[in-house]
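To start, the structure itself, in structure tokens.
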Amino acid sequence: MKLYLYNSLTRKKQQFEPIKSGAVGLYTCGPTVYNYAHIGNLRTYIFEDILKRVLIYNGYAVKHVMNITDVGHLTGDRDMGEDKMEAGAAREGKSAWDIAEYYTRSFKQDLEQLNVLAPDVWVKATDTIPEQIALIRTLEEKGYTYPTSDGIYFDTSKFKDYTKLSHQDLEALREGARVERNPEKRNATDFALWKFSPQGSKRQMEWDSPWGVGFPGWHLECSAMSMKFLGEQLDIHCGGTDHIDVHHTNEIAQSEAATGKSFFNFWMHGAFLIIQGGKKMAKSEGNFLTLENALMKNDINPLVYRFASFLTHYRKPMEYSDESIEAARNGLLHLQNQVRQITTAGVEAQSSVSAEFQNKFNETINDDLNMPRAMAVIQEMLKSKLSDARKYSTVMDFDRVLGLQLDQLAHDQALPEAVQKLVAARLQARQDKDFATSDQLRAEIEALGYQVQDTPDGMNVVKK
RNA sequence: GGCGGCAUAGCCAAGUGGUAAGGCAGCGGUCUGCAAAACCGCAAUUCGUCGGUUCGACUCCGACUGCCGCCUCCA
């Protein structure tokens, strides 16, 4: 079945065809590990996970690479700020390396909680320094670089297709610049490939290079890593929408200048999460929410957030609020109950997947990952005239893409001892027809975050 | 100032030329000791405003209004 994806390069939905038949190289921009990921960041990783799962669903072998930026990402623009890692280290009184390690682990935990498939290759920027230096060398030989007092820079005026991704008007951009310029730069858009360690101070992260001791520029790592692990010409590169104008634009410039070939065929970007009032989530906005403090702290399953993200298309800003999480929580619980309903008949045994609904579902997700509509297809299927067995098989097939762990529902019944006791007591009370006590116990169970379902087969208690 | 995006029921949100998916909340019903869960049914004569094109527009064009993103660190 044909797969259509929106390509930021052409600003159109295009049919996707990998360079090598049957296999896809996927590169997703990872985090800068100087702080926790917030749920806005996480939205992008969920979008990328859906993309990857859709590729797999369509039968492609996917090789997925994600970078960990642990050096070189500056706090200010114009290549003049502090390194975020060193700043994080100073803030927390730890070494930059400890900071990187700590937040990398935290990030990976978040992805696990959200059931995001791990990439095949994790790469740290600091593990590819030789490759990055080699790339600068190539650019130097080809005449794309120039030195300044603080580093080696890429001359963007020498790369003719510089705006092919951003579609920006550089003249206009220059006029509107409201940031102080680095006077040694030849063009406002030039960027650092290598930064020298500051005079007289010792950085925690620094390396020798042909140009002097220092560290690589932020954009360089992604070029070096993706080429190292995926080759010079690649299929799909993703990231947040904010990366279009600078980060990805610079990656394209340095990569294509170095290889003379077009870099990635598809560029895909996820839209932001915004909170009530329409603001994006960011540290600087003071509305920074992590998975932990937005959901887990309130005893809400992180998969609720995953489910919530399916309700808005990835290219549209997603509204976040307590109400939206509550709606998603109820929505997921409903879906889980629907699946439980068709599981109880003991029909877990394989039945064939409904071809009609599978086609419909496949067609929908293949239309630029239209998850909101896919969710509607699922409801349509669950409310159709299919047998429970077929519904079960079909929804499990869909869950390969959804990743909501719907197959684990039956085994998810382990109740805490306190709840078990209440359940046993309520069972007894009901046998004794002592409904006052029974209702009282039901309220207690629900207060602990569980839902009581009395079915003809007995009492069912599930986590909300 | 430049570039781009968005505006659809109480809330969230698909659809993008042929007469409005789905979810949450709500209401009615079946079931139940009562609830809950599940299931069945109901909910926008209408898609920010004003014009235009068309047999026909939420969908195309223009203007306007409001909101947002990037051009500063950023997913």
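The chains in the structure tokens are called A, B, ... from first to last as shown; in each chain the residues are counted from 1, and the ligands are counted from 1 in the order shown.
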Mind checking DSSP for segment 178-335 of chain A and telling me the strand (DSSP E or B) residues as a ChimeraX atom specification?
/A:191-196,207,214-216,234-240,264-270,273-275,279-280,318-320
Residues from last step as file, N, CA and C atoms, as an mmCIF file, in the first residue's frame:
data_model
loop_
_atom_site.group_PDB
_atom_site.id
_atom_site.type_symbol
_atom_site.label_atom_id
_atom_site.label_comp_id
_atom_site.auth_asym_id
_atom_site.auth_seq_id
_atom_site.Cartn_x
_atom_site.Cartn_y
_atom_site.Cartn_z
ATOM 1 N N PHE A 191 27.681 29.681 10.713
ATOM 2 C CA PHE A 191 27.619 29.010 12.022
ATOM 3 C C PHE A 191 28.933 28.302 12.319
ATOM 4 N N ALA A 192 29.159 28.073 13.591
ATOM 5 C CA ALA A 192 30.425 27.485 14.036
ATOM 6 C C ALA A 192 30.460 25.981 13.789
ATOM 7 N N LEU A 193 31.561 25.528 13.207
ATOM 8 C CA LEU A 193 31.801 24.094 13.059
ATOM 9 C C LEU A 193 32.650 23.607 14.231
ATOM 10 N N TRP A 194 33.540 24.473 14.637
ATOM 11 C CA TRP A 194 34.427 24.157 15.766
ATOM 12 C C TRP A 194 34.594 25.413 16.588
ATOM 13 N N LYS A 195 34.472 25.260 17.891
ATOM 14 C CA LYS A 195 34.648 26.406 18.779
ATOM 15 C C LYS A 195 35.890 26.180 19.634
ATOM 16 N N PHE A 196 36.717 27.226 19.753
ATOM 17 C CA PHE A 196 37.904 27.099 20.592
ATOM 18 C C PHE A 196 37.509 27.222 22.060
ATOM 19 N N TRP A 207 38.629 18.915 23.188
ATOM 20 C CA TRP A 207 39.421 17.967 22.427
ATOM 21 C C TRP A 207 40.435 18.719 21.564
ATOM 22 N N GLY A 214 39.293 22.605 21.569
ATOM 23 C CA GLY A 214 37.941 23.162 21.612
ATOM 24 C C GLY A 214 36.900 22.068 21.545
ATOM 25 N N PHE A 215 35.754 22.410 20.970
ATOM 26 C CA PHE A 215 34.641 21.457 20.902
ATOM 27 C C PHE A 215 33.822 21.727 19.636
ATOM 28 N N PRO A 216 33.092 20.701 19.195
ATOM 29 C CA PRO A 216 32.377 20.846 17.917
ATOM 30 C C PRO A 216 31.126 21.709 18.035
ATOM 31 N N LEU A 234 20.266 9.626 2.675
ATOM 32 C CA LEU A 234 19.403 8.961 3.623
ATOM 33 C C LEU A 234 17.933 9.236 3.363
ATOM 34 N N ASP A 235 17.098 8.449 4.060
ATOM 35 C CA ASP A 235 15.672 8.526 3.788
ATOM 36 C C ASP A 235 14.933 9.619 4.566
ATOM 37 N N ILE A 236 14.827 9.446 5.855
ATOM 38 C CA ILE A 236 13.980 10.367 6.621
ATOM 39 C C ILE A 236 14.712 10.922 7.838
ATOM 40 N N HIS A 237 14.632 12.207 7.985
ATOM 41 C CA HIS A 237 15.212 12.880 9.146
ATOM 42 C C HIS A 237 14.093 13.663 9.831
ATOM 43 N N CYS A 238 13.963 13.485 11.135
ATOM 44 C CA CYS A 238 12.876 14.151 11.866
ATOM 45 C C CYS A 238 13.390 15.016 12.994
ATOM 46 N N GLY A 239 12.491 15.842 13.459
ATOM 47 C CA GLY A 239 12.775 16.669 14.630
ATOM 48 C C GLY A 239 11.596 17.577 14.887
ATOM 49 N N GLY A 240 11.794 18.499 15.781
ATOM 50 C CA GLY A 240 10.734 19.459 16.089
ATOM 51 C C GLY A 240 10.696 20.553 15.045
ATOM 52 N N PHE A 264 19.168 14.192 2.980
ATOM 53 C CA PHE A 264 17.986 13.372 3.251
ATOM 54 C C PHE A 264 16.905 13.663 2.218
ATOM 55 N N ASN A 265 16.147 12.633 1.849
ATOM 56 C CA ASN A 265 15.041 12.831 0.906
ATOM 57 C C ASN A 265 13.813 13.426 1.585
ATOM 58 N N PHE A 266 13.574 12.971 2.821
ATOM 59 C CA PHE A 266 12.398 13.455 3.541
ATOM 60 C C PHE A 266 12.806 14.109 4.851
ATOM 61 N N TRP A 267 12.228 15.268 5.085
ATOM 62 C CA TRP A 267 12.387 15.932 6.378
ATOM 63 C C TRP A 267 10.999 16.062 6.976
ATOM 64 N N MET A 268 10.855 15.560 8.194
ATOM 65 C CA MET A 268 9.528 15.627 8.822
ATOM 66 C C MET A 268 9.643 16.302 10.181
ATOM 67 N N HIS A 269 8.686 17.159 10.463
ATOM 68 C CA HIS A 269 8.763 17.943 11.700
ATOM 69 C C HIS A 269 7.461 17.899 12.490
ATOM 70 N N GLY A 270 7.600 17.686 13.775
ATOM 71 C CA GLY A 270 6.440 17.633 14.658
ATOM 72 C C GLY A 270 6.130 19.009 15.217
ATOM 73 N N LEU A 273 3.664 21.253 21.454
ATOM 74 C CA LEU A 273 2.611 21.145 22.453
ATOM 75 C C LEU A 273 2.415 22.551 22.995
ATOM 76 N N ILE A 274 1.170 22.966 23.101
ATOM 77 C CA ILE A 274 0.941 24.270 23.707
ATOM 78 C C ILE A 274 0.035 24.106 24.910
ATOM 79 N N ILE A 275 0.179 25.001 25.848
ATOM 80 C CA ILE A 275 -0.644 24.870 27.036
ATOM 81 C C ILE A 275 -1.747 25.902 26.967
ATOM 82 N N LYS A 279 0.421 29.095 24.644
ATOM 83 C CA LYS A 279 1.881 29.233 24.672
ATOM 84 C C LYS A 279 2.561 27.883 24.543
ATOM 85 N N LYS A 280 3.714 27.870 23.887
ATOM 86 C CA LYS A 280 4.461 26.621 23.822
ATOM 87 C C LYS A 280 5.049 26.310 25.186
ATOM 88 N N MET A 318 -0.746 20.923 19.583
ATOM 89 C CA MET A 318 -1.624 20.137 20.453
ATOM 90 C C MET A 318 -1.845 20.890 21.750
ATOM 91 N N GLU A 319 -3.098 20.990 22.132
ATOM 92 C CA GLU A 319 -3.444 21.708 23.355
ATOM 93 C C GLU A 319 -3.310 20.800 24.564
ATOM 94 N N TYR A 320 -2.600 21.285 25.531
ATOM 95 C CA TYR A 320 -2.464 20.519 26.756
ATOM 96 C C TYR A 320 -3.178 21.219 27.903
#
Contact residues (chain B, partner chain A, 8 Å, only C-alpha atoms (C1' of nucleotides)) as a PyMOL selection string:
chain B and resi 1-3+6+11-14+21-24+33+36-38+67-75
Written selection (C-alpha atoms (C1' of nucleotides)) as a short mmCIF file (atom, residue, chain, number, x, y, z; two decimals), in the first residue's frame:
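Saved as selection.cif:
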data_model
loop_
_atom_site.label_atom_id
_atom_site.label_comp_id
_atom_site.auth_asym_id
_atom_site.auth_seq_id
_atom_site.Cartn_x
_atom_site.Cartn_y
_atom_site.Cartn_z
"C1'" G B 1 9.87 43.77 10.08
"C1'" G B 2 10.44 38.71 7.32
"C1'" C B 3 8.73 33.51 6.80
"C1'" C B 6 -3.99 27.82 12.90
"C1'" C B 11 -14.11 20.82 25.54
"C1'" C B 12 -10.42 18.14 22.30
"C1'" A B 13 -10.31 17.11 17.12
"C1'" A B 14 -10.62 14.70 11.71
"C1'" A B 21 -15.49 11.21 11.46
"C1'" G B 22 -14.15 10.11 16.31
"C1'" G B 23 -13.06 11.05 21.55
"C1'" C B 24 -14.26 13.45 26.39
"C1'" G B 33 -30.18 -4.59 44.59
"C1'" A B 36 -20.20 1.48 37.68
"C1'" A B 37 -18.52 -1.00 33.30
"C1'" A B 38 -20.39 -2.50 28.53
"C1'" C B 67 -4.23 33.33 18.18
"C1'" C B 68 0.47 30.74 17.68
"C1'" G B 69 5.48 29.20 15.95
"C1'" C B 70 10.34 30.33 13.80
"C1'" C B 71 13.86 34.32 12.68
"C1'" U B 72 17.03 34.38 20.54
"C1'" C B 73 17.88 28.64 23.85
"C1'" C B 74 14.12 25.31 22.15
"C1'" A B 75 10.91 19.28 20.31
#
Provide the atom CA of Leu165 of chain A to atom CA of Ile252 of chain A distance in Å, to one decimal place.
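One can read the atom CA of Leu165 of chain A to atom CA of Ile252 of chain A distance as 8.4 Å.
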Contacts of segment 385-395 of chain A within 12 Å, only C-alpha atoms (C1' of nucleotides), excl. fewer than 3 positions in-chain, as a PyMOL selection string:
chain A and resi 335-336+338-362+374-375+377-382+398-407
If you run DSSP on the backbone here, which positions in segment 127-203 of chain A get alpha helix (DSSP H)? Please write them as an NGL selection string.
:A and (129-141 or 170-176)
Kindly give the distance, in Å, that separates atom CA of Asp155 of chain A and atom CA of Gln254 of chain A, rounded to a single decimal.
9.5 Å
Residues within 10 Å of C58 of chain B, only C-alpha atoms (C1' of nucleotides), excluding chain neighbours under 3 positions, as an MDAnalysis selection string
chainID B and resid 8 15:16 20 46:47
Contacts of segment 62-71 of chain A within 8 Å, only C-alpha atoms (C1' of nucleotides), excl. fewer than 6 positions in-chain, as a ChimeraX atom specification:
/A:23-34,52,55-56,83-85,100,104,119-126,205,215-216,218,221-222,225-226,229-230
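Of the residues under consideration (A:Leu369, A:Ala96, A:Ala429, A:Gln440), A:Leu369 shows the shortest atom-to-atom contact distance to Leu3 of chain A when counting only C-alpha atoms.
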